[in-house]
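K.L.:
Next comes the structure file coords_35.pdb, holding PDB, C-alpha atoms and all ligand atoms.
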```pdb
ATOM      1  CA  MET O   1     -53.292 -14.583  27.888  1.00  0.00           C
ATOM      2  CA  THR O   2     -51.850 -12.906  30.947  1.00  0.00           C
ATOM      3  CA  ILE O   3     -52.387 -14.100  34.478  1.00  0.00           C
ATOM      4  CA  TYR O   4     -52.813 -11.201  36.888  1.00  0.00           C
ATOM      5  CA  ALA O   5     -51.624 -11.222  40.477  1.00  0.00           C
ATOM      6  CA  PHE O   6     -52.229  -8.310  42.828  1.00  0.00           C
ATOM      7  CA  ASP O   7     -50.875  -7.426  46.203  1.00  0.00           C
ATOM      8  CA  PHE O   8     -53.828  -6.186  48.259  1.00  0.00           C
ATOM      9  CA  ASP O   9     -52.982  -3.380  50.711  1.00  0.00           C
ATOM     10  CA  GLY O  10     -51.691  -0.374  48.817  1.00  0.00           C
ATOM     11  CA  VAL O  11     -52.716  -1.810  45.440  1.00  0.00           C
ATOM     12  CA  VAL O  12     -56.414  -2.647  45.774  1.00  0.00           C
ATOM     13  CA  CYS O  13     -57.275  -1.604  49.313  1.00  0.00           C
ATOM     14  CA  ASP O  14     -56.274   1.415  51.382  1.00  0.00           C
ATOM     15  CA  SER O  15     -56.145  -0.052  54.869  1.00  0.00           C
ATOM     16  CA  SER O  16     -53.995   2.600  56.549  1.00  0.00           C
ATOM     17  CA  ASN O  17     -56.764   3.855  58.860  1.00  0.00           C
ATOM     18  CA  GLU O  18     -57.903   0.358  59.797  1.00  0.00           C
ATOM     19  CA  THR O  19     -54.334  -0.661  60.600  1.00  0.00           C
ATOM     20  CA  ALA O  20     -54.004   2.378  62.870  1.00  0.00           C
ATOM     21  CA  TYR O  21     -57.355   1.705  64.602  1.00  0.00           C
ATOM     22  CA  SER O  22     -56.374  -1.930  65.178  1.00  0.00           C
ATOM     23  CA  GLY O  23     -53.094  -0.704  66.689  1.00  0.00           C
ATOM     24  CA  VAL O  24     -55.070   1.564  69.056  1.00  0.00           C
ATOM     25  CA  LYS O  25     -57.260  -1.379  70.107  1.00  0.00           C
ATOM     26  CA  ALA O  26     -54.240  -3.631  70.610  1.00  0.00           C
ATOM     27  CA  ILE O  27     -52.567  -1.044  72.871  1.00  0.00           C
ATOM     28  CA  ALA O  28     -55.765  -0.821  74.941  1.00  0.00           C
ATOM     29  CA  GLU O  29     -55.657  -4.618  75.253  1.00  0.00           C
ATOM     30  CA  LEU O  30     -51.954  -4.684  76.149  1.00  0.00           C
ATOM     31  CA  SER O  31     -51.780  -1.806  78.610  1.00  0.00           C
ATOM     32  CA  GLY O  32     -55.307  -0.597  79.302  1.00  0.00           C
ATOM     33  CA  ASN O  33     -54.399   2.786  77.793  1.00  0.00           C
ATOM     34  CA  PHE O  34     -56.815   4.234  75.269  1.00  0.00           C
ATOM     35  CA  ILE O  35     -55.142   6.422  72.690  1.00  0.00           C
ATOM     36  CA  GLU O  36     -57.526   8.714  70.853  1.00  0.00           C
ATOM     37  CA  PRO O  37     -57.308   8.022  67.096  1.00  0.00           C
ATOM     38  CA  THR O  38     -57.369  11.694  66.133  1.00  0.00           C
ATOM     39  CA  LYS O  39     -57.166  12.958  62.559  1.00  0.00           C
ATOM     40  CA  LYS O  40     -53.568  13.942  63.248  1.00  0.00           C
ATOM     41  CA  LEU O  41     -52.689  10.481  64.515  1.00  0.00           C
ATOM     42  CA  LEU O  42     -54.236   8.878  61.423  1.00  0.00           C
ATOM     43  CA  ALA O  43     -52.411  11.326  59.134  1.00  0.00           C
ATOM     44  CA  ASP O  44     -49.094  10.733  60.903  1.00  0.00           C
ATOM     45  CA  PHE O  45     -49.682   6.983  60.803  1.00  0.00           C
ATOM     46  CA  ARG O  46     -50.055   7.246  57.030  1.00  0.00           C
ATOM     47  CA  VAL O  47     -46.616   8.887  56.862  1.00  0.00           C
ATOM     48  CA  VAL O  48     -45.008   5.966  58.708  1.00  0.00           C
ATOM     49  CA  ARG O  49     -47.140   3.271  57.028  1.00  0.00           C
ATOM     50  CA  PRO O  50     -44.650   2.599  54.165  1.00  0.00           C
ATOM     51  CA  CYS O  51     -42.115   1.357  56.739  1.00  0.00           C
ATOM     52  CA  LEU O  52     -44.453  -1.265  58.219  1.00  0.00           C
ATOM     53  CA  HIS O  53     -43.560  -4.865  57.385  1.00  0.00           C
ATOM     54  CA  THR O  54     -46.514  -6.653  59.002  1.00  0.00           C
ATOM     55  CA  GLY O  55     -49.716  -5.508  60.680  1.00  0.00           C
ATOM     56  CA  TRP O  56     -48.770  -5.923  64.349  1.00  0.00           C
ATOM     57  CA  GLU O  57     -46.089  -3.239  63.970  1.00  0.00           C
ATOM     58  CA  SER O  58     -48.951  -0.736  63.941  1.00  0.00           C
ATOM     59  CA  ILE O  59     -48.975  -1.191  67.738  1.00  0.00           C
ATOM     60  CA  PHE O  60     -45.451   0.190  67.820  1.00  0.00           C
ATOM     61  CA  ILE O  61     -46.207   3.018  65.365  1.00  0.00           C
ATOM     62  CA  VAL O  62     -49.273   4.183  67.329  1.00  0.00           C
ATOM     63  CA  ALA O  63     -47.316   3.984  70.604  1.00  0.00           C
ATOM     64  CA  MET O  64     -44.467   6.089  69.173  1.00  0.00           C
ATOM     65  CA  LEU O  65     -46.818   8.705  67.731  1.00  0.00           C
ATOM     66  CA  ALA O  66     -48.786   8.868  70.988  1.00  0.00           C
ATOM     67  CA  LYS O  67     -45.501   9.609  72.771  1.00  0.00           C
ATOM     68  CA  GLY O  68     -45.158  12.626  70.481  1.00  0.00           C
ATOM     69  CA  ILE O  69     -42.325  11.286  68.343  1.00  0.00           C
ATOM     70  CA  ASP O  70     -42.341  12.923  64.931  1.00  0.00           C
ATOM     71  CA  ALA O  71     -43.625  10.704  62.107  1.00  0.00           C
ATOM     72  CA  VAL O  72     -40.831  11.601  59.692  1.00  0.00           C
ATOM     73  CA  GLU O  73     -38.221  10.937  62.399  1.00  0.00           C
ATOM     74  CA  ILE O  74     -39.653   7.424  62.863  1.00  0.00           C
ATOM     75  CA  THR O  75     -39.401   6.735  59.127  1.00  0.00           C
ATOM     76  CA  LYS O  76     -35.741   7.764  59.099  1.00  0.00           C
ATOM     77  CA  ASP O  77     -34.730   5.019  61.521  1.00  0.00           C
ATOM     78  CA  TYR O  78     -37.727   2.722  61.653  1.00  0.00           C
ATOM     79  CA  ASP O  79     -36.032  -0.622  62.286  1.00  0.00           C
ATOM     80  CA  HIS O  80     -33.869   0.799  65.062  1.00  0.00           C
ATOM     81  CA  PHE O  81     -36.846   2.454  66.782  1.00  0.00           C
ATOM     82  CA  LEU O  82     -38.828  -0.773  66.507  1.00  0.00           C
ATOM     83  CA  GLU O  83     -36.092  -2.935  67.993  1.00  0.00           C
ATOM     84  CA  ALA O  84     -35.504  -0.503  70.861  1.00  0.00           C
ATOM     85  CA  TRP O  85     -39.236  -0.368  71.616  1.00  0.00           C
ATOM     86  CA  LEU O  86     -39.558  -4.184  71.598  1.00  0.00           C
ATOM     87  CA  ASN O  87     -36.578  -4.476  73.959  1.00  0.00           C
ATOM     88  CA  GLU O  88     -37.851  -1.755  76.279  1.00  0.00           C
ATOM     89  CA  HIS O  89     -41.215  -3.497  76.704  1.00  0.00           C
ATOM     90  CA  GLU O  90     -39.824  -7.042  76.486  1.00  0.00           C
ATOM     91  CA  TYR O  91     -42.403  -7.858  73.839  1.00  0.00           C
ATOM     92  CA  SER O  92     -41.873 -10.698  71.399  1.00  0.00           C
ATOM     93  CA  SER O  93     -43.142 -10.232  67.884  1.00  0.00           C
ATOM     94  CA  ASP O  94     -45.142 -13.469  68.167  1.00  0.00           C
ATOM     95  CA  TYR O  95     -46.945 -12.158  71.235  1.00  0.00           C
ATOM     96  CA  LEU O  96     -47.793  -8.845  69.566  1.00  0.00           C
ATOM     97  CA  LYS O  97     -48.892 -10.668  66.440  1.00  0.00           C
ATOM     98  CA  SER O  98     -51.353 -12.743  68.465  1.00  0.00           C
ATOM     99  CA  VAL O  99     -52.683  -9.726  70.412  1.00  0.00           C
ATOM    100  CA  TYR O 100     -53.103  -7.799  67.176  1.00  0.00           C
ATOM    101  CA  GLY O 101     -54.804 -10.730  65.433  1.00  0.00           C
ATOM    102  CA  ASN O 102     -57.137 -11.229  68.389  1.00  0.00           C
ATOM    103  CA  VAL O 103     -58.338  -7.622  68.646  1.00  0.00           C
ATOM    104  CA  ARG O 104     -58.928  -7.574  64.930  1.00  0.00           C
ATOM    105  CA  ASP O 105     -60.835 -10.868  65.046  1.00  0.00           C
ATOM    106  CA  GLN O 106     -62.958  -9.558  67.907  1.00  0.00           C
ATOM    107  CA  TRP O 107     -63.662  -6.369  65.963  1.00  0.00           C
ATOM    108  CA  ILE O 108     -64.658  -8.318  62.864  1.00  0.00           C
ATOM    109  CA  GLN O 109     -66.785 -10.794  64.770  1.00  0.00           C
ATOM    110  CA  GLY O 110     -68.389  -8.112  66.926  1.00  0.00           C
ATOM    111  CA  ASP O 111     -68.958  -5.427  64.319  1.00  0.00           C
ATOM    112  CA  LEU O 112     -68.022  -6.461  60.788  1.00  0.00           C
ATOM    113  CA  LYS O 113     -69.817  -3.462  59.318  1.00  0.00           C
ATOM    114  CA  SER O 114     -67.706  -0.885  61.144  1.00  0.00           C
ATOM    115  CA  TRP O 115     -64.506  -2.835  60.399  1.00  0.00           C
ATOM    116  CA  LEU O 116     -65.243  -2.890  56.671  1.00  0.00           C
ATOM    117  CA  ALA O 117     -66.299   0.764  56.776  1.00  0.00           C
ATOM    118  CA  VAL O 118     -62.876   2.034  57.878  1.00  0.00           C
ATOM    119  CA  HIS O 119     -61.294   0.634  54.697  1.00  0.00           C
ATOM    120  CA  ASP O 120     -61.093   2.428  51.401  1.00  0.00           C
ATOM    121  CA  PHE O 121     -60.538   0.930  47.973  1.00  0.00           C
ATOM    122  CA  TYR O 122     -58.707   2.446  45.023  1.00  0.00           C
ATOM    123  CA  PRO O 123     -61.545   2.927  42.478  1.00  0.00           C
ATOM    124  CA  HIS O 124     -59.380   2.503  39.374  1.00  0.00           C
ATOM    125  CA  ALA O 125     -57.985  -0.757  40.749  1.00  0.00           C
ATOM    126  CA  ILE O 126     -61.441  -2.099  41.543  1.00  0.00           C
ATOM    127  CA  ASN O 127     -62.721  -1.142  38.083  1.00  0.00           C
ATOM    128  CA  PHE O 128     -59.721  -2.741  36.387  1.00  0.00           C
ATOM    129  CA  ILE O 129     -60.135  -5.979  38.302  1.00  0.00           C
ATOM    130  CA  LYS O 130     -63.895  -6.120  37.761  1.00  0.00           C
ATOM    131  CA  ASP O 131     -63.367  -5.795  33.989  1.00  0.00           C
ATOM    132  CA  LEU O 132     -60.712  -8.507  33.785  1.00  0.00           C
ATOM    133  CA  GLN O 133     -61.539 -11.462  31.593  1.00  0.00           C
ATOM    134  CA  GLU O 134     -58.320 -13.286  32.498  1.00  0.00           C
ATOM    135  CA  PRO O 135     -57.712 -15.309  35.674  1.00  0.00           C
ATOM    136  CA  PHE O 136     -56.479 -13.222  38.573  1.00  0.00           C
ATOM    137  CA  TYR O 137     -55.099 -13.777  42.046  1.00  0.00           C
ATOM    138  CA  ILE O 138     -54.553 -11.759  45.178  1.00  0.00           C
ATOM    139  CA  ILE O 139     -51.254 -12.370  46.945  1.00  0.00           C
ATOM    140  CA  THR O 140     -51.105 -10.602  50.275  1.00  0.00           C
ATOM    141  CA  THR O 141     -49.461 -10.698  53.684  1.00  0.00           C
ATOM    142  CA  LYS O 142     -52.910 -10.035  55.165  1.00  0.00           C
ATOM    143  CA  GLY O 143     -54.600 -13.009  56.821  1.00  0.00           C
ATOM    144  CA  HIS O 144     -56.660 -14.965  54.277  1.00  0.00           C
ATOM    145  CA  ARG O 145     -59.942 -14.493  56.164  1.00  0.00           C
ATOM    146  CA  PHE O 146     -59.484 -10.713  56.254  1.00  0.00           C
ATOM    147  CA  ALA O 147     -58.620 -10.466  52.567  1.00  0.00           C
ATOM    148  CA  VAL O 148     -61.635 -12.604  51.601  1.00  0.00           C
ATOM    149  CA  ALA O 149     -64.021 -10.406  53.627  1.00  0.00           C
ATOM    150  CA  LEU O 150     -62.621  -7.227  52.065  1.00  0.00           C
ATOM    151  CA  ALA O 151     -62.585  -8.545  48.500  1.00  0.00           C
ATOM    152  CA  ASN O 152     -66.248  -9.474  48.924  1.00  0.00           C
ATOM    153  CA  ALA O 153     -67.043  -6.043  50.382  1.00  0.00           C
ATOM    154  CA  ALA O 154     -65.362  -4.386  47.402  1.00  0.00           C
ATOM    155  CA  GLY O 155     -67.533  -6.434  45.048  1.00  0.00           C
ATOM    156  CA  ILE O 156     -64.578  -8.329  43.580  1.00  0.00           C
ATOM    157  CA  ASN O 157     -65.728 -11.637  42.208  1.00  0.00           C
ATOM    158  CA  ILE O 158     -62.889 -13.989  43.133  1.00  0.00           C
ATOM    159  CA  PRO O 159     -62.898 -17.560  44.420  1.00  0.00           C
ATOM    160  CA  ASP O 160     -61.507 -17.818  47.965  1.00  0.00           C
ATOM    161  CA  ASP O 161     -58.813 -20.183  46.662  1.00  0.00           C
ATOM    162  CA  ASN O 162     -57.467 -17.449  44.368  1.00  0.00           C
ATOM    163  CA  ILE O 163     -56.557 -15.379  47.407  1.00  0.00           C
ATOM    164  CA  PHE O 164     -53.195 -16.250  48.939  1.00  0.00           C
ATOM    165  CA  GLY O 165     -52.902 -14.773  52.411  1.00  0.00           C
ATOM    166  CA  LEU O 166     -50.266 -14.636  55.117  1.00  0.00           C
ATOM    167  CA  GLU O 167     -50.700 -18.370  55.728  1.00  0.00           C
ATOM    168  CA  SER O 168     -49.559 -19.193  52.176  1.00  0.00           C
ATOM    169  CA  GLY O 169     -45.967 -18.194  52.885  1.00  0.00           C
ATOM    170  CA  PRO O 170     -43.620 -15.945  50.912  1.00  0.00           C
ATOM    171  CA  LYS O 171     -44.966 -14.230  47.828  1.00  0.00           C
ATOM    172  CA  GLU O 172     -42.071 -15.456  45.670  1.00  0.00           C
ATOM    173  CA  GLN O 173     -43.083 -19.050  46.414  1.00  0.00           C
ATOM    174  CA  THR O 174     -46.722 -18.359  45.529  1.00  0.00           C
ATOM    175  CA  LEU O 175     -45.592 -16.809  42.243  1.00  0.00           C
ATOM    176  CA  LYS O 176     -43.389 -19.844  41.525  1.00  0.00           C
ATOM    177  CA  ASP O 177     -46.405 -22.071  42.167  1.00  0.00           C
ATOM    178  CA  LEU O 178     -48.492 -19.979  39.750  1.00  0.00           C
ATOM    179  CA  ARG O 179     -45.666 -20.282  37.204  1.00  0.00           C
ATOM    180  CA  ILE O 180     -45.952 -24.083  37.471  1.00  0.00           C
ATOM    181  CA  LYS O 181     -49.754 -23.977  37.311  1.00  0.00           C
ATOM    182  CA  PHE O 182     -49.685 -21.786  34.179  1.00  0.00           C
ATOM    183  CA  PRO O 183     -46.478 -22.825  32.394  1.00  0.00           C
ATOM    184  CA  ASP O 184     -47.259 -21.072  29.099  1.00  0.00           C
ATOM    185  CA  GLN O 185     -48.764 -17.770  30.264  1.00  0.00           C
ATOM    186  CA  SER O 186     -47.077 -14.572  31.201  1.00  0.00           C
ATOM    187  CA  ILE O 187     -47.811 -13.416  34.734  1.00  0.00           C
ATOM    188  CA  SER O 188     -48.055  -9.770  35.808  1.00  0.00           C
ATOM    189  CA  PHE O 189     -47.544  -9.067  39.490  1.00  0.00           C
ATOM    190  CA  TYR O 190     -48.591  -5.651  40.869  1.00  0.00           C
ATOM    191  CA  GLU O 191     -47.119  -4.628  44.203  1.00  0.00           C
ATOM    192  CA  ASP O 192     -46.503  -1.386  46.119  1.00  0.00           C
ATOM    193  CA  ARG O 193     -43.643  -2.652  48.265  1.00  0.00           C
ATOM    194  CA  LEU O 194     -40.385  -2.389  46.364  1.00  0.00           C
ATOM    195  CA  PRO O 195     -38.306  -4.710  48.619  1.00  0.00           C
ATOM    196  CA  THR O 196     -40.842  -7.458  47.852  1.00  0.00           C
ATOM    197  CA  LEU O 197     -40.470  -6.897  44.101  1.00  0.00           C
ATOM    198  CA  LEU O 198     -36.672  -6.917  44.368  1.00  0.00           C
ATOM    199  CA  LYS O 199     -36.816 -10.185  46.312  1.00  0.00           C
ATOM    200  CA  VAL O 200     -39.065 -11.742  43.676  1.00  0.00           C
ATOM    201  CA  ALA O 201     -36.801 -10.406  40.909  1.00  0.00           C
ATOM    202  CA  ASN O 202     -33.905 -12.322  42.484  1.00  0.00           C
ATOM    203  CA  GLU O 203     -35.747 -15.574  41.855  1.00  0.00           C
ATOM    204  CA  ASN O 204     -35.547 -15.093  38.064  1.00  0.00           C
ATOM    205  CA  ILE O 205     -38.992 -16.555  37.449  1.00  0.00           C
ATOM    206  CA  HIS O 206     -39.456 -16.581  33.677  1.00  0.00           C
ATOM    207  CA  CYS O 207     -42.132 -14.497  31.946  1.00  0.00           C
ATOM    208  CA  LEU O 208     -43.015 -12.741  35.181  1.00  0.00           C
ATOM    209  CA  ASN O 209     -43.632  -8.998  34.828  1.00  0.00           C
ATOM    210  CA  LEU O 210     -43.013  -7.098  38.034  1.00  0.00           C
ATOM    211  CA  ILE O 211     -44.849  -3.797  38.326  1.00  0.00           C
ATOM    212  CA  LEU O 212     -44.577  -1.223  41.097  1.00  0.00           C
ATOM    213  CA  VAL O 213     -47.789   0.763  41.622  1.00  0.00           C
ATOM    214  CA  ASP O 214     -47.169   4.298  42.831  1.00  0.00           C
ATOM    215  CA  TRP O 215     -50.482   4.932  44.639  1.00  0.00           C
ATOM    216  CA  GLY O 216     -49.727   2.683  47.588  1.00  0.00           C
ATOM    217  CA  TYR O 217     -47.362   2.904  50.530  1.00  0.00           C
ATOM    218  CA  LEU O 218     -44.111   3.890  48.854  1.00  0.00           C
ATOM    219  CA  LYS O 219     -40.993   5.183  50.548  1.00  0.00           C
ATOM    220  CA  ASP O 220     -38.968   8.137  49.344  1.00  0.00           C
ATOM    221  CA  GLY O 221     -36.603   6.991  46.635  1.00  0.00           C
ATOM    222  CA  ASP O 222     -38.590   3.863  45.688  1.00  0.00           C
ATOM    223  CA  LEU O 223     -39.408   5.141  42.198  1.00  0.00           C
ATOM    224  CA  GLU O 224     -35.746   5.861  41.438  1.00  0.00           C
ATOM    225  CA  LEU O 225     -34.637   2.538  42.893  1.00  0.00           C
ATOM    226  CA  ALA O 226     -37.266   0.670  40.873  1.00  0.00           C
ATOM    227  CA  ALA O 227     -36.089   2.368  37.672  1.00  0.00           C
ATOM    228  CA  ALA O 228     -32.445   1.551  38.485  1.00  0.00           C
ATOM    229  CA  ASN O 229     -33.458  -2.113  38.843  1.00  0.00           C
ATOM    230  CA  GLY O 230     -35.453  -2.180  35.614  1.00  0.00           C
ATOM    231  CA  ILE O 231     -38.804  -2.482  37.394  1.00  0.00           C
ATOM    232  CA  GLU O 232     -41.723  -0.800  35.656  1.00  0.00           C
ATOM    233  CA  THR O 233     -43.800   1.701  37.645  1.00  0.00           C
ATOM    234  CA  ILE O 234     -47.430   2.585  36.915  1.00  0.00           C
ATOM    235  CA  SER O 235     -49.539   5.491  38.223  1.00  0.00           C
ATOM    236  CA  SER O 236     -52.939   4.042  37.354  1.00  0.00           C
ATOM    237  CA  PHE O 237     -54.442   0.966  35.787  1.00  0.00           C
TER     238      PHE O 237
HETATM  239 MG    MG M   1     -48.892  -3.629  49.657  1.00  0.00          MG
END
```
Output the structure of this file as structure tokens.
Ligand SMILES: [Mg+2]
P.N.:
Amino acid sequence: MTIYAFDFDGVVCDSSNETAYSGVKAIAELSGNFIEPTKKLLADFRVVRPCLHTGWESIFIVAMLAKGIDAVEITKDYDHFLEAWLNEHEYSSDYLKSVYGNVRDQWIQGDLKSWLAVHDFYPHAINFIKDLQEPFYIITTKGHRFAVALANAAGINIPDDNIFGLESGPKEQTLKDLRIKFPDQSISFYEDRLPTLLKVANENIHCLNLILVDWGYLKDGDLELAAANGIETISSF
């Protein structure tokens, strides 16, 4: 028997538009400026999305794009742009994280239907998960409450406790805990963020298959780098 573990955004759920909309709302909260979430902004956001580490950075991405900075240029020097922007505005990441979390919570509490509606799901991933007979887990950097709401909306039948969110800490630790819980099973972990897979690979957890999915938020060169590190890539379930 194999135990399945899935990252959520970029593996099961396409949340790029929602992340951009939440960034727009957070900027309105921070500065009072409303930035129109045009089709172009959403498309450009999708280009930069693979660089994003955690959700609140969408505030920065939307702000850069609204200033007219080219999406590809941002991806070329993302960390530098981000640091410079934080310094310029004297924002701390903790502060932005709380603003971002609050606008999202207000959106969900005020209008859950519209929040769910701006998400898409990858149909082949949903079908694969729905057909699974084996135990499966979701391991995500999304807040637990958000991931639970979305999994329910997608019709995934999973106990809340099988979803490990942001609050559960690093993914490698969650996978180690699963290794202890299921000492005799192989575990397959599906993820679209290569740096996360490389970090997990460093832990040398036995009988853990690491799989990069190519339909999520990949950066240029990820497929080659995965192959060079012996990490399997899949294009569909
Ligand atoms: Mg992901």
K.L.:
On this structure, which residues satisfy the PyMOL selection byres (((not hetatm)) within 6 of (chain M and resi 1)), written as a list of chain:residue names?
P.N.:
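Answer for the PyMOL selection byres (((not hetatm)) within 6 of (chain M and resi 1)): O:Asp7, O:Phe8, O:Asp9, O:Gly10, O:Val11, O:Glu191, O:Asp192, O:Arg193.
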K.L.:
Can those selected residues be exported to a file as a PDB file, in the coordinates of the input so that it contains C-alpha atoms?
P.N.:
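Contents of result30.pdb, freshly written:
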```
ATOM      1  CA  ASP O   7     -50.875  -7.426  46.203  1.00  0.00           C
ATOM      2  CA  PHE O   8     -53.828  -6.186  48.259  1.00  0.00           C
ATOM      3  CA  ASP O   9     -52.982  -3.380  50.711  1.00  0.00           C
ATOM      4  CA  GLY O  10     -51.691  -0.374  48.817  1.00  0.00           C
ATOM      5  CA  VAL O  11     -52.716  -1.810  45.440  1.00  0.00           C
ATOM      6  CA  GLU O 191     -47.119  -4.628  44.203  1.00  0.00           C
ATOM      7  CA  ASP O 192     -46.503  -1.386  46.119  1.00  0.00           C
ATOM      8  CA  ARG O 193     -43.643  -2.652  48.265  1.00  0.00           C
TER       9      ARG O 193
END
```
K.L.:
As a check of understanding, name the residues that the PyMOL selection byres (((chain O and resi 219-236) around 7) and not hetatm) selects in the supplied structure, as number ranges by chain.
P.N.:
O: 50, 124, 194, 210-215, 217-218, 237
K.L.:
Just so the selection is clear, what residues does the PyMOL selection byres (((chain O and resi 120) around 6) and not hetatm) cover here, as an NGL selection string?
P.N.:
:O and (13-14 or 119 or 121)
K.L.:
Grab the CA of Asn152 in chain O to CA of Tyr137 in chain O distance for me, in Å with one decimal place.
P.N.:
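Answer for the CA of Asn152 in chain O to CA of Tyr137 in chain O separation: 13.8 Å.
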K.L.:
Could you tell me which of O:Lys181, O:Lys40, O:Arg104, O:Arg49 comes closest to Phe146 in chain O if we count only C-alpha atoms?
P.N.:
O:Arg104
K.L.:
Considering only C-alpha atoms, return as a ChimeraX atom specification whatever protein or nucleic-acid residues lie within 8 Å of range 21-29 of chain O, sequence-local ones (same chain, fewer than 6 positions apart) excluded.
P.N.:
/O:35-37,56-63,99-100,103-104
K.L.:
Tell me which of O:Leu112, O:Val118, O:Ala84, O:Ala154 sits closest to Ser16 in chain O, counting only C-alpha atoms.
P.N.:
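Nearest to Ser16 in chain O: O:Val118.
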K.L.:
Can you tell me which residues surround Val12 in chain O at a distance of at most 7 Å, considering all atoms listed in the file, apart from same-chain residues fewer than 6 positions away, and format the answer as a PyMOL selection string?
P.N.:
chain O and resi 121-122+125-126
K.L.:
Atoms to include: C-alpha atoms. Write the selected residues as a PDB file, in the coordinates of the input.
P.N.:
```pdb
ATOM      1  CA  PHE O 121     -60.538   0.930  47.973  1.00  0.00           C
ATOM      2  CA  TYR O 122     -58.707   2.446  45.023  1.00  0.00           C
ATOM      3  CA  ALA O 125     -57.985  -0.757  40.749  1.00  0.00           C
ATOM      4  CA  ILE O 126     -61.441  -2.099  41.543  1.00  0.00           C
TER       5      ILE O 126
END
```
K.L.:
Between O:Asp111, O:Glu172, O:Glu18, O:Glu203, which one has atoms that come closest to Thr140 in chain O, using only C-alpha atoms?
P.N.:
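Nearest to Thr140 in chain O: O:Glu172.
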K.L.:
Find the distance between CA of Ile138 in chain O and CA of Ala5 in chain O and write it in Å to one decimal.
P.N.:
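Separation of CA of Ile138 in chain O and CA of Ala5 in chain O: 5.6 Å.
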K.L.:
Between O:Asn33, O:Thr196, O:Thr38, O:Gln109, which one has atoms that come closest to Ala20 in chain O, using all atoms listed in the file?
P.N.:
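Ranked by minimum distance to Ala20 in chain O, first place goes to O:Thr38.
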K.L.:
Could you pull out every residue with an atom within 10 Å of (-61.9, -16.0, 46.9), file coordinates, counting all atoms listed in the file, and send them as a PyMOL selection string?
P.N.:
chain O and resi 137-138+144-145+147-149+151-152+156-164
K.L.:
Give me, please, the distance in Å between CA of Glu83 in chain O and CA of Thr54 in chain O, quoted to one decimal.
P.N.:
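We find that CA of Glu83 in chain O and CA of Thr54 in chain O lie 14.3 Å from each other.
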K.L.:
Of the residues O:Asn87, O:Lys171, O:Gly155, O:Lys39, which is the one nearest to Lys130 in chain O, using all atoms listed in the file?
P.N.:
O:Gly155
K.L.:
For Val72 in chain O, work out the shell of residues within 9 Å, counting all atoms listed in the file and skipping chain neighbours fewer than 5 positions away, then give it as a ChimeraX atom specification.
P.N.:
/O:44,47-48
K.L.:
Calculate, to one decimal in Å, the centre and edge lengths of the box along x, y and z of the file that holds all listed atoms of range 104-110 of chain O with 3 Å of margin on each side, and present them as JSON.
P.N.:
```
{"center_x": -63.7, "center_y": -8.6, "center_z": 65.4, "size_x": 15.5, "size_y": 10.5, "size_z": 11.0}
```
K.L.:
Restricting the calculation to only C-alpha atoms, which member of O:Gly101, O:Lys176, O:Trp115, O:Gly32 is positioned closest to Leu150 in chain O?
P.N.:
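Among the listed residues, the smallest separation from Leu150 in chain O belongs to O:Trp115.
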K.L.:
Mind completing range 105-116 of chain O with N, CA and C atoms? Output as a PDB file, keeping the file's coordinate frame, please?
P.N.:
```pdb
ATOM      1  N   ASP O 105     -59.796  -9.836  65.149  1.00  0.00           N
ATOM      2  CA  ASP O 105     -60.835 -10.868  65.046  1.00  0.00           C
ATOM      3  C   ASP O 105     -62.070 -10.481  65.845  1.00  0.00           C
ATOM      4  N   GLN O 106     -61.823  -9.958  67.066  1.00  0.00           N
ATOM      5  CA  GLN O 106     -62.958  -9.558  67.907  1.00  0.00           C
ATOM      6  C   GLN O 106     -63.744  -8.424  67.253  1.00  0.00           C
ATOM      7  N   TRP O 107     -63.013  -7.496  66.650  1.00  0.00           N
ATOM      8  CA  TRP O 107     -63.662  -6.369  65.963  1.00  0.00           C
ATOM      9  C   TRP O 107     -64.524  -6.904  64.806  1.00  0.00           C
ATOM     10  N   ILE O 108     -63.946  -7.784  64.029  1.00  0.00           N
ATOM     11  CA  ILE O 108     -64.658  -8.318  62.864  1.00  0.00           C
ATOM     12  C   ILE O 108     -65.875  -9.136  63.294  1.00  0.00           C
ATOM     13  N   GLN O 109     -65.666  -9.959  64.317  1.00  0.00           N
ATOM     14  CA  GLN O 109     -66.785 -10.794  64.770  1.00  0.00           C
ATOM     15  C   GLN O 109     -67.872  -9.962  65.444  1.00  0.00           C
ATOM     16  N   GLY O 110     -67.440  -8.920  66.164  1.00  0.00           N
ATOM     17  CA  GLY O 110     -68.389  -8.112  66.926  1.00  0.00           C
ATOM     18  C   GLY O 110     -69.098  -7.069  66.072  1.00  0.00           C
ATOM     19  N   ASP O 111     -68.399  -6.537  65.088  1.00  0.00           N
ATOM     20  CA  ASP O 111     -68.958  -5.427  64.319  1.00  0.00           C
ATOM     21  C   ASP O 111     -68.318  -5.358  62.926  1.00  0.00           C
ATOM     22  N   LEU O 112     -68.624  -6.358  62.128  1.00  0.00           N
ATOM     23  CA  LEU O 112     -68.022  -6.461  60.788  1.00  0.00           C
ATOM     24  C   LEU O 112     -68.247  -5.198  59.963  1.00  0.00           C
ATOM     25  N   LYS O 113     -69.453  -4.632  60.110  1.00  0.00           N
ATOM     26  CA  LYS O 113     -69.817  -3.462  59.318  1.00  0.00           C
ATOM     27  C   LYS O 113     -68.864  -2.290  59.575  1.00  0.00           C
ATOM     28  N   SER O 114     -68.578  -2.030  60.850  1.00  0.00           N
ATOM     29  CA  SER O 114     -67.706  -0.885  61.144  1.00  0.00           C
ATOM     30  C   SER O 114     -66.261  -1.188  60.738  1.00  0.00           C
ATOM     31  N   TRP O 115     -65.865  -2.464  60.819  1.00  0.00           N
ATOM     32  CA  TRP O 115     -64.506  -2.835  60.399  1.00  0.00           C
ATOM     33  C   TRP O 115     -64.347  -2.618  58.890  1.00  0.00           C
ATOM     34  N   LEU O 116     -65.317  -3.077  58.134  1.00  0.00           N
ATOM     35  CA  LEU O 116     -65.243  -2.890  56.671  1.00  0.00           C
ATOM     36  C   LEU O 116     -65.278  -1.405  56.325  1.00  0.00           C
TER      37      LEU O 116
END
```
